[in-house]
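Asks: The structure file work.cif (mmCIF, C-alpha atoms) is provided below.
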```
data_final
loop_
_atom_site.label_atom_id
_atom_site.label_comp_id
_atom_site.auth_asym_id
_atom_site.auth_seq_id
_atom_site.Cartn_x
_atom_site.Cartn_y
_atom_site.Cartn_z
CA MET A 1 11.44 13.12 1.95
CA ILE A 2 10.79 9.36 1.77
CA ASN A 3 14.43 8.41 1.27
CA LYS A 4 15.39 10.66 4.23
CA ASP A 5 12.92 9.00 6.61
CA GLU A 6 14.89 7.28 9.39
CA ILE A 7 12.83 4.09 9.31
CA ASN A 8 13.22 3.81 5.54
CA LYS A 9 16.98 4.28 5.88
CA LYS A 10 17.14 1.41 8.37
CA LEU A 11 14.98 -0.78 6.16
CA LEU A 12 17.29 -0.22 3.20
CA GLU A 13 20.23 -1.38 5.32
CA LEU A 14 18.38 -4.66 6.01
CA CYS A 15 17.73 -5.44 2.34
CA GLU A 16 19.62 -8.37 0.91
CA GLU A 17 21.45 -7.91 -2.38
CA GLY A 18 18.89 -7.57 -5.17
CA THR A 19 15.98 -6.73 -2.86
CA GLU A 20 13.79 -3.79 -3.81
CA LEU A 21 11.55 -2.01 -1.35
CA PHE A 22 8.47 0.04 -2.24
CA LEU A 23 6.20 2.16 -0.07
CA VAL A 24 2.71 1.54 -1.43
CA GLY A 25 -0.94 2.29 -1.01
CA GLY A 26 -2.52 4.36 1.71
CA TYR A 27 0.66 5.91 3.04
CA ILE A 28 1.51 7.38 -0.37
CA ARG A 29 -2.11 8.47 -0.82
CA ASP A 30 -2.08 10.20 2.56
CA ILE A 31 1.17 12.03 1.78
CA PHE A 32 -0.53 13.57 -1.25
CA LEU A 33 -3.59 14.42 0.84
CA GLN A 34 -1.34 15.88 3.56
CA ARG A 35 -2.81 13.60 6.20
CA GLU A 36 -1.12 12.14 9.22
CA CYS A 37 -0.55 8.43 8.79
CA PHE A 38 0.58 5.89 11.35
CA ASP A 39 0.91 2.85 9.16
CA LYS A 40 3.23 2.27 6.28
CA ASP A 41 2.70 -0.46 3.72
CA TYR A 42 5.69 -1.91 1.91
CA ALA A 43 5.95 -4.25 -1.06
CA VAL A 44 9.12 -6.33 -0.91
CA LYS A 45 10.61 -7.67 -4.12
CA GLY A 46 13.49 -10.13 -4.12
CA GLU A 47 13.13 -11.74 -0.68
CA SER A 48 10.39 -13.03 1.59
CA ALA A 49 8.36 -10.20 3.12
CA ILE A 50 7.79 -12.32 6.24
CA SER A 51 11.53 -12.90 6.72
CA PHE A 52 12.17 -9.23 6.09
CA ALA A 53 9.54 -8.25 8.67
CA HIS A 54 11.24 -10.53 11.22
CA LYS A 55 14.51 -8.64 10.68
CA VAL A 56 12.70 -5.29 10.93
CA ALA A 57 11.00 -6.26 14.19
CA GLU A 58 14.34 -7.24 15.67
CA ILE A 59 16.27 -4.13 14.59
CA LEU A 60 13.46 -1.69 15.54
CA GLU A 61 12.55 -3.60 18.71
CA GLY A 62 9.01 -3.98 17.42
CA HIS A 63 6.48 -6.79 17.65
CA PHE A 64 6.22 -9.19 14.71
CA VAL A 65 2.70 -10.26 13.66
CA LEU A 66 2.18 -12.87 10.95
CA LEU A 67 -0.85 -11.80 8.90
CA ASP A 68 -0.95 -14.24 5.98
CA GLU A 69 1.72 -16.89 5.46
CA VAL A 70 0.30 -18.03 2.11
CA HIS A 71 0.39 -14.51 0.64
CA ASP A 72 3.67 -13.54 2.38
CA ILE A 73 2.28 -10.73 4.56
CA ALA A 74 3.44 -9.63 8.00
CA ARG A 75 3.21 -6.60 10.28
CA VAL A 76 5.62 -4.97 12.67
CA VAL A 77 4.06 -2.97 15.49
CA LEU A 78 6.59 -0.40 16.61
CA PRO A 79 7.39 0.06 20.31
CA ASP A 80 5.14 3.14 20.54
CA LYS A 81 2.22 0.74 19.75
CA LYS A 82 0.81 3.46 17.50
CA ASN A 83 2.83 3.05 14.31
CA THR A 84 2.80 -0.11 12.22
CA LEU A 85 4.77 -1.33 9.24
CA ASP A 86 3.12 -3.87 6.94
CA PHE A 87 5.20 -5.95 4.55
CA ALA A 88 3.86 -7.96 1.63
CA GLY A 89 5.65 -9.86 -1.06
CA CYS A 90 5.45 -8.04 -4.37
CA VAL A 91 2.71 -9.79 -6.37
CA GLY A 92 4.29 -11.56 -9.32
CA GLN A 93 7.62 -10.02 -8.33
CA ASP A 94 6.65 -6.96 -10.38
CA ILE A 95 5.54 -3.68 -8.79
CA ASN A 96 3.26 -2.75 -11.70
CA LEU A 97 1.42 -6.08 -11.43
CA ASP A 98 1.26 -5.62 -7.67
CA LEU A 99 -0.37 -2.20 -8.08
CA LYS A 100 -2.89 -3.54 -10.63
CA ASN A 101 -4.08 -6.02 -7.99
CA ARG A 102 -5.01 -3.30 -5.49
CA ASP A 103 -8.48 -1.89 -4.93
CA PHE A 104 -8.59 1.69 -6.20
CA THR A 105 -6.30 3.86 -8.30
CA ILE A 106 -5.74 6.19 -5.32
CA ASN A 107 -4.22 3.22 -3.46
CA ALA A 108 -2.19 1.97 -6.43
CA ILE A 109 0.68 4.42 -6.17
CA ALA A 110 4.14 3.31 -5.07
CA CYS A 111 7.43 4.90 -4.27
CA LYS A 112 10.61 2.89 -4.77
CA ILE A 113 12.88 3.55 -1.83
CA GLU A 114 16.53 3.95 -2.70
CA LYS A 115 19.48 5.34 -0.81
CA ASN A 116 19.76 8.77 -2.38
CA LYS A 117 16.46 9.10 -4.22
CA SER A 118 12.93 7.84 -4.41
CA GLU A 119 11.04 7.03 -7.59
CA LEU A 120 7.27 7.56 -7.79
CA ILE A 121 5.39 4.83 -9.69
CA ASP A 122 1.81 5.59 -10.77
CA PRO A 123 0.82 3.34 -13.71
CA LEU A 124 -2.92 3.72 -13.09
CA ASN A 125 -3.04 7.51 -12.72
CA GLY A 126 -3.91 7.46 -9.03
CA ILE A 127 -2.41 10.92 -8.52
CA THR A 128 -4.76 12.33 -11.16
CA ASP A 129 -7.72 10.72 -9.35
CA LEU A 130 -6.48 12.12 -6.02
CA ASN A 131 -6.37 15.59 -7.53
CA LYS A 132 -9.87 15.12 -9.00
CA LYS A 133 -11.12 13.57 -5.72
CA ILE A 134 -12.38 10.46 -7.48
CA ILE A 135 -12.53 6.86 -6.27
CA ARG A 136 -12.04 4.53 -9.24
CA ILE A 137 -11.87 0.73 -9.05
CA ILE A 138 -8.93 -0.80 -10.87
CA SER A 139 -10.80 -3.77 -12.29
CA GLU A 140 -13.97 -5.80 -11.93
CA GLU A 141 -11.87 -8.86 -11.06
CA ASN A 142 -10.46 -7.02 -8.06
CA ILE A 143 -13.97 -6.59 -6.61
CA ILE A 144 -14.76 -10.25 -7.25
CA ASP A 145 -11.49 -11.33 -5.60
CA ASP A 146 -12.16 -9.20 -2.50
CA PRO A 147 -15.82 -8.12 -2.15
CA LEU A 148 -15.02 -5.98 0.91
CA ARG A 149 -13.73 -3.45 -1.57
CA VAL A 150 -17.36 -2.52 -2.20
CA ILE A 151 -17.60 -1.26 1.38
CA ARG A 152 -14.15 0.33 1.24
CA ALA A 153 -15.27 2.51 -1.69
CA TYR A 154 -17.99 4.05 0.44
CA ARG A 155 -15.71 4.36 3.45
CA PHE A 156 -13.09 6.22 1.41
CA ALA A 157 -15.78 8.46 -0.06
CA ALA A 158 -17.15 9.29 3.39
CA GLN A 159 -13.75 9.84 4.99
CA SER A 160 -12.25 11.90 2.21
CA GLY A 161 -15.18 13.69 0.63
CA PHE A 162 -14.34 12.03 -2.70
CA SER A 163 -16.87 10.90 -5.32
CA ILE A 164 -17.15 7.34 -6.55
CA GLU A 165 -16.94 7.40 -10.33
CA ASN A 166 -19.85 6.01 -12.33
CA LYS A 167 -18.23 2.84 -13.70
CA THR A 168 -17.15 1.93 -10.16
CA LEU A 169 -20.71 2.51 -8.91
CA GLU A 170 -22.03 0.24 -11.67
CA LEU A 171 -19.59 -2.52 -10.69
CA ILE A 172 -20.48 -2.12 -7.01
CA GLU A 173 -24.18 -2.46 -7.85
CA LYS A 174 -23.46 -5.50 -10.03
CA HIS A 175 -21.48 -7.28 -7.33
CA LYS A 176 -23.12 -6.03 -4.12
CA SER A 177 -24.44 -9.51 -3.31
CA LEU A 178 -20.88 -10.75 -2.86
#
```
As C-alpha cells, what does this structure read like?
Replies:
Amino acid sequence: MINKDEINKKLLELCEEGTELFLVGGYIRDIFLQRECFDKDYAVKGESAISFAHKVAEILEGHFVLLDEVHDIARVVLPDKKNTLDFAGCVGQDINLDLKNRDFTINAIACKIEKNKSELIDPLNGITDLNKKIIRIISEENIIDDPLRVIRAYRFAAQSGFSIENKTLELIEKHKSL
C-alpha cells in the first residue's frame, strides 16, 4: 500500500543515491487506526531534508515552508492546500535513534519506503500499544526536551479514547511545571 502510493513513488524518484526515506509517526499510527490523514511525516536519511523538500515542492507544484533550519525540518503544502508533507533529517542518521527521540510509542513507528516493498520498523512496540489503546512515553528525557508532550498525551487520549499508562502519568505529574 505505502510503496504503491503515487506521492511516495515520486519521492523515491527524487532521492539521491544512498538516500533512504521513511514514513514516520502519526501517519503510520493513523493507518493502523484506519483514520483519514492529510499529513505525512517523512524522515530523510542521507541528504538534507530541507533540500529534499525543495525538490518535492517543485515536482509536486506545492508550497515550500521552512520550519526549522537548525533541525533540518521543512514542509510542503500540496496544491489542494489540504495535504501536507513534512520532512525532517533522520536524527543521528539512524532511524531507530530517530524513533527513540519521539514522544510516544504509538508515534514511534516507521515504514521504510522502497520501490517494490515497504519495511515496517517498530523498535518500541508502538503497534502493541496501539492494539492495547495505551499512550506510553518513550523516555523521561523526551518530556524534559519538549514539555508540550505532557499536553499531547492528554490530547491523544481524548481524541482516540486511549488510556495513558501509569508510568507516563507519573512522569507527567513529575514534570508538569515545565
Asks: Tell me which of A:Asp39, A:Asp30, A:Glu114, A:Glu61 sits closest to Asn8 (chain A), counting all atoms listed in the file.
Replies: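 Between A:Asp39, A:Asp30, A:Glu114, A:Glu61, the residue approaching Asn8 (chain A) most closely is A:Glu114.
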Asks: Could you pull the residues within 10 Å of Cys15 (chain A), counting only C-alpha atoms, minus those fewer than 3 positions along the same chain, as a JSON list (two decimals) with C-alpha atoms, in the frame of the given file?
Replies:
```json
[["chain", "number", "residue", "atom", "x", "y", "z"],
["A", 10, "LYS", "CA", 17.14, 1.41, 8.37],
["A", 11, "LEU", "CA", 14.98, -0.78, 6.16],
["A", 12, "LEU", "CA", 17.29, -0.22, 3.20],
["A", 18, "GLY", "CA", 18.89, -7.57, -5.17],
["A", 19, "THR", "CA", 15.98, -6.73, -2.86],
["A", 20, "GLU", "CA", 13.79, -3.79, -3.81],
["A", 21, "LEU", "CA", 11.55, -2.01, -1.35],
["A", 44, "VAL", "CA", 9.12, -6.33, -0.91],
["A", 45, "LYS", "CA", 10.61, -7.67, -4.12],
["A", 46, "GLY", "CA", 13.49, -10.13, -4.12],
["A", 47, "GLU", "CA", 13.13, -11.74, -0.68],
["A", 52, "PHE", "CA", 12.17, -9.23, 6.09],
["A", 55, "LYS", "CA", 14.51, -8.64, 10.68],
["A", 56, "VAL", "CA", 12.70, -5.29, 10.93]]
```
Asks: Would you list the residues near (2.9, -11.1, -0.7) (no more than 6 Å away, in the coordinates of the file, using only C-alpha atoms) as number ranges by chain?
Replies: A: 71-73, 88-91
Asks: Write to file, as a PDB file, in the frame of the given file, the residues of the selection just made, with C-alpha atoms.
Replies:
```
ATOM      1  CA  HIS A  71       0.390 -14.510   0.640  1.00  0.00           C
ATOM      2  CA  ASP A  72       3.670 -13.540   2.380  1.00  0.00           C
ATOM      3  CA  ILE A  73       2.280 -10.730   4.560  1.00  0.00           C
ATOM      4  CA  ALA A  88       3.860  -7.960   1.630  1.00  0.00           C
ATOM      5  CA  GLY A  89       5.650  -9.860  -1.060  1.00  0.00           C
ATOM      6  CA  CYS A  90       5.450  -8.040  -4.370  1.00  0.00           C
ATOM      7  CA  VAL A  91       2.710  -9.790  -6.370  1.00  0.00           C
TER       8      VAL A  91
END
```
Asks: Using all atoms listed in the file, which residues of region 7-96 of chain A come within 9 Å of region 117-128 of chain A, and what is the closest atom pair for each, with the distance in Å to one decimal? Give it as JSON lines, sorted by chain and residue number.
Replies:
```
{"residue": "A:Arg29", "atom": "CA", "partner": "A:Ile127", "partner_atom": "CA", "distance": 8.1}
{"residue": "A:Phe32", "atom": "CA", "partner": "A:Ile127", "partner_atom": "CA", "distance": 8.0}
{"residue": "A:Ile95", "atom": "CA", "partner": "A:Ile121", "partner_atom": "CA", "distance": 8.6}
{"residue": "A:Asn96", "atom": "CA", "partner": "A:Pro123", "partner_atom": "CA", "distance": 6.9}
```
Asks: Given only C-alpha atoms as the basis, pick out the residue of A:Phe38, A:Phe104, A:Phe87, A:Tyr27 nearest to Glu140 (chain A).
Replies: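 Closest to Glu140 (chain A), using only C-alpha atoms: A:Phe104.
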Asks: Closest to Tyr42 (chain A) among A:Asp145, A:Glu16, A:Asp98, A:Glu170, using all atoms listed in the file?
Replies: A:Asp98
Asks: So which one's closest to Lys9 (chain A), A:Asn101, A:Ala74, A:Leu60, A:His54? Using only C-alpha atoms, please.
Replies: A:Leu60
Asks: Given the file above and the PyMOL selection byres ((chain A and resi 173) around 12), which residues are selected, and can you give them as a list of chain:residue names?
Replies: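 Here the PyMOL selection byres ((chain A and resi 173) around 12) matches A:Glu140, A:Ile143, A:Pro147, A:Val150, A:Ile151, A:Ala153, A:Asn166, A:Lys167, A:Thr168, A:Leu169, A:Glu170, A:Leu171, A:Ile172, A:Lys174, A:His175, A:Lys176, A:Ser177, A:Leu178.
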Asks: Since I can't run it myself right now, could you work out what the PyMOL selection byres ((chain A and resi 157-163) around 7) selects here and report it as a list of chain:residue names?
Replies: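 For this structure, the PyMOL selection byres ((chain A and resi 157-163) around 7) resolves to A:Lys133, A:Ile134, A:Ile135, A:Ala153, A:Tyr154, A:Arg155, A:Phe156, A:Ile164, A:Glu165.
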Asks: Closest to Ala53 (chain A) among A:Lys112, A:Arg102, A:Arg75, A:Lys40, using all atoms listed in the file?
Replies: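 Checking each of A:Lys112, A:Arg102, A:Arg75, A:Lys40 against Ala53 (chain A), counting all atoms listed in the file, the winner is A:Arg75.
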Asks: Under the rule that only C-alpha atoms are counted, which of A:Leu97, A:Val70, A:Ile113, A:Leu33 is the nearest residue to Glu6 (chain A)?
Replies: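 Result for the nearest residue to Glu6 (chain A): A:Ile113.
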Asks: Would you write out, as an mmCIF file with C-alpha atoms, keeping the file's coordinate frame, every residue that the PyMOL selection byres ((chain A and resi 82) around 12) captures in this file?
Replies:
```cif
data_model
loop_
_atom_site.group_PDB
_atom_site.id
_atom_site.type_symbol
_atom_site.label_atom_id
_atom_site.label_comp_id
_atom_site.auth_asym_id
_atom_site.auth_seq_id
_atom_site.Cartn_x
_atom_site.Cartn_y
_atom_site.Cartn_z
ATOM 1 C CA CYS A 37 -0.550 8.430 8.790
ATOM 2 C CA PHE A 38 0.580 5.890 11.350
ATOM 3 C CA ASP A 39 0.910 2.850 9.160
ATOM 4 C CA LYS A 40 3.230 2.270 6.280
ATOM 5 C CA GLY A 62 9.010 -3.980 17.420
ATOM 6 C CA HIS A 63 6.480 -6.790 17.650
ATOM 7 C CA VAL A 76 5.620 -4.970 12.670
ATOM 8 C CA VAL A 77 4.060 -2.970 15.490
ATOM 9 C CA LEU A 78 6.590 -0.400 16.610
ATOM 10 C CA PRO A 79 7.390 0.060 20.310
ATOM 11 C CA ASP A 80 5.140 3.140 20.540
ATOM 12 C CA LYS A 81 2.220 0.740 19.750
ATOM 13 C CA ASN A 83 2.830 3.050 14.310
ATOM 14 C CA THR A 84 2.800 -0.110 12.220
ATOM 15 C CA LEU A 85 4.770 -1.330 9.240
#
```
Asks: Record the distance separating CA of Asn142 (chain A) and CA of Leu99 (chain A), expressed in Å with one decimal.
Replies: 11.2 Å
Asks: Can you tell me, as JSON, the centre and edge lengths (Å, one decimal) of the axis-aligned box enclosing all of region 124-134 of chain A's listed atoms after padding each side by 3 Å?
Replies:
```
{"center_x": -7.4, "center_y": 9.7, "center_z": -9.4, "size_x": 16.0, "size_y": 17.9, "size_z": 13.4}
```
Asks: Any idea what the distance is between CA of Gly26 (chain A) and CA of Ile109 (chain A)?
Replies: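 Atom-to-atom, CA of Gly26 (chain A) and CA of Ile109 (chain A) are spaced 8.5 Å apart.
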Asks: So the first atom is CA of Ser139 (chain A) and the second is CA of Ser48 (chain A); what is the distance between them in Å, to one decimal place?
Replies: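 Between CA of Ser139 (chain A) and CA of Ser48 (chain A) the gap works out to 27.0 Å.
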Asks: Can you take the partial region 89-100 of chain A, add all heavy atoms, and return it as a PDB file, keeping the file's coordinate frame?
Replies:
```
ATOM      1  N   GLY A  89       4.861  -9.505   0.115  1.00  0.00           N
ATOM      2  CA  GLY A  89       5.650  -9.860  -1.060  1.00  0.00           C
ATOM      3  C   GLY A  89       5.047  -9.190  -2.283  1.00  0.00           C
ATOM      4  O   GLY A  89       3.823  -9.101  -2.419  1.00  0.00           O
ATOM      5  N   CYS A  90       5.888  -8.706  -3.139  1.00  0.00           N
ATOM      6  CA  CYS A  90       5.450  -8.040  -4.370  1.00  0.00           C
ATOM      7  C   CYS A  90       4.764  -9.065  -5.257  1.00  0.00           C
ATOM      8  O   CYS A  90       5.366 -10.067  -5.641  1.00  0.00           O
ATOM      9  CB  CYS A  90       6.675  -7.428  -5.053  1.00  0.00           C
ATOM     10  SG  CYS A  90       6.292  -6.272  -6.350  1.00  0.00           S
ATOM     11  N   VAL A  91       3.488  -8.852  -5.571  1.00  0.00           N
ATOM     12  CA  VAL A  91       2.710  -9.790  -6.370  1.00  0.00           C
ATOM     13  C   VAL A  91       3.377 -10.002  -7.724  1.00  0.00           C
ATOM     14  O   VAL A  91       3.638  -9.034  -8.451  1.00  0.00           O
ATOM     15  CB  VAL A  91       1.254  -9.300  -6.554  1.00  0.00           C
ATOM     16  CG1 VAL A  91       0.483 -10.213  -7.493  1.00  0.00           C
ATOM     17  CG2 VAL A  91       0.551  -9.208  -5.209  1.00  0.00           C
ATOM     18  N   GLY A  92       3.666 -11.245  -8.039  1.00  0.00           N
ATOM     19  CA  GLY A  92       4.290 -11.560  -9.320  1.00  0.00           C
ATOM     20  C   GLY A  92       5.705 -11.029  -9.454  1.00  0.00           C
ATOM     21  O   GLY A  92       6.255 -10.987 -10.544  1.00  0.00           O
ATOM     22  N   GLN A  93       6.286 -10.604  -8.335  1.00  0.00           N
ATOM     23  CA  GLN A  93       7.620 -10.020  -8.330  1.00  0.00           C
ATOM     24  C   GLN A  93       7.747  -8.850  -9.317  1.00  0.00           C
ATOM     25  O   GLN A  93       8.795  -8.609  -9.901  1.00  0.00           O
ATOM     26  CB  GLN A  93       8.701 -11.083  -8.602  1.00  0.00           C
ATOM     27  CG  GLN A  93       8.949 -12.003  -7.423  1.00  0.00           C
ATOM     28  CD  GLN A  93       9.515 -11.273  -6.217  1.00  0.00           C
ATOM     29  OE1 GLN A  93      10.520 -10.595  -6.300  1.00  0.00           O
ATOM     30  NE2 GLN A  93       8.863 -11.408  -5.080  1.00  0.00           N
ATOM     31  N   ASP A  94       6.647  -8.115  -9.492  1.00  0.00           N
ATOM     32  CA  ASP A  94       6.650  -6.960 -10.380  1.00  0.00           C
ATOM     33  C   ASP A  94       5.756  -5.886  -9.750  1.00  0.00           C
ATOM     34  O   ASP A  94       4.577  -6.138  -9.499  1.00  0.00           O
ATOM     35  CB  ASP A  94       6.111  -7.363 -11.754  1.00  0.00           C
ATOM     36  CG  ASP A  94       6.043  -6.191 -12.715  1.00  0.00           C
ATOM     37  OD1 ASP A  94       4.998  -5.505 -12.727  1.00  0.00           O
ATOM     38  OD2 ASP A  94       7.019  -5.962 -13.433  1.00  0.00           O
ATOM     39  N   ILE A  95       6.299  -4.716  -9.495  1.00  0.00           N
ATOM     40  CA  ILE A  95       5.540  -3.680  -8.790  1.00  0.00           C
ATOM     41  C   ILE A  95       4.324  -3.218  -9.585  1.00  0.00           C
ATOM     42  O   ILE A  95       3.270  -2.939  -9.014  1.00  0.00           O
ATOM     43  CB  ILE A  95       6.434  -2.481  -8.371  1.00  0.00           C
ATOM     44  CG1 ILE A  95       5.673  -1.547  -7.404  1.00  0.00           C
ATOM     45  CG2 ILE A  95       6.943  -1.723  -9.582  1.00  0.00           C
ATOM     46  CD1 ILE A  95       5.253  -2.170  -6.107  1.00  0.00           C
ATOM     47  N   ASN A  96       4.420  -3.179 -10.910  1.00  0.00           N
ATOM     48  CA  ASN A  96       3.260  -2.750 -11.700  1.00  0.00           C
ATOM     49  C   ASN A  96       2.122  -3.760 -11.600  1.00  0.00           C
ATOM     50  O   ASN A  96       0.951  -3.369 -11.481  1.00  0.00           O
ATOM     51  CB  ASN A  96       3.663  -2.517 -13.159  1.00  0.00           C
ATOM     52  CG  ASN A  96       4.499  -1.269 -13.306  1.00  0.00           C
ATOM     53  OD1 ASN A  96       4.112  -0.191 -12.861  1.00  0.00           O
ATOM     54  ND2 ASN A  96       5.669  -1.402 -13.902  1.00  0.00           N
ATOM     55  N   LEU A  97       2.448  -5.049 -11.612  1.00  0.00           N
ATOM     56  CA  LEU A  97       1.420  -6.080 -11.430  1.00  0.00           C
ATOM     57  C   LEU A  97       0.842  -5.997 -10.023  1.00  0.00           C
ATOM     58  O   LEU A  97      -0.366  -6.115  -9.832  1.00  0.00           O
ATOM     59  CB  LEU A  97       2.003  -7.467 -11.694  1.00  0.00           C
ATOM     60  CG  LEU A  97       1.063  -8.650 -11.527  1.00  0.00           C
ATOM     61  CD1 LEU A  97      -0.137  -8.523 -12.459  1.00  0.00           C
ATOM     62  CD2 LEU A  97       1.804  -9.949 -11.784  1.00  0.00           C
ATOM     63  N   ASP A  98       1.700  -5.778  -9.050  1.00  0.00           N
ATOM     64  CA  ASP A  98       1.260  -5.620  -7.670  1.00  0.00           C
ATOM     65  C   ASP A  98       0.235  -4.482  -7.566  1.00  0.00           C
ATOM     66  O   ASP A  98      -0.825  -4.644  -6.958  1.00  0.00           O
ATOM     67  CB  ASP A  98       2.465  -5.344  -6.768  1.00  0.00           C
ATOM     68  CG  ASP A  98       2.099  -5.292  -5.304  1.00  0.00           C
ATOM     69  OD1 ASP A  98       1.592  -4.248  -4.845  1.00  0.00           O
ATOM     70  OD2 ASP A  98       2.324  -6.301  -4.610  1.00  0.00           O
ATOM     71  N   LEU A  99       0.537  -3.352  -8.153  1.00  0.00           N
ATOM     72  CA  LEU A  99      -0.370  -2.200  -8.080  1.00  0.00           C
ATOM     73  C   LEU A  99      -1.689  -2.472  -8.794  1.00  0.00           C
ATOM     74  O   LEU A  99      -2.748  -2.023  -8.350  1.00  0.00           O
ATOM     75  CB  LEU A  99       0.319  -0.953  -8.649  1.00  0.00           C
ATOM     76  CG  LEU A  99       1.539  -0.467  -7.863  1.00  0.00           C
ATOM     77  CD1 LEU A  99       2.222   0.684  -8.593  1.00  0.00           C
ATOM     78  CD2 LEU A  99       1.168  -0.073  -6.436  1.00  0.00           C
ATOM     79  N   LYS A 100      -1.655  -3.222  -9.889  1.00  0.00           N
ATOM     80  CA  LYS A 100      -2.890  -3.540 -10.630  1.00  0.00           C
ATOM     81  C   LYS A 100      -3.807  -4.465  -9.846  1.00  0.00           C
ATOM     82  O   LYS A 100      -4.981  -4.590 -10.162  1.00  0.00           O
ATOM     83  CB  LYS A 100      -2.544  -4.167 -11.979  1.00  0.00           C
ATOM     84  CG  LYS A 100      -1.986  -3.170 -12.958  1.00  0.00           C
ATOM     85  CD  LYS A 100      -1.595  -3.815 -14.270  1.00  0.00           C
ATOM     86  CE  LYS A 100      -0.956  -2.776 -15.168  1.00  0.00           C
ATOM     87  NZ  LYS A 100      -0.342  -3.357 -16.360  1.00  0.00           N
TER      88      LYS A 100
END
```
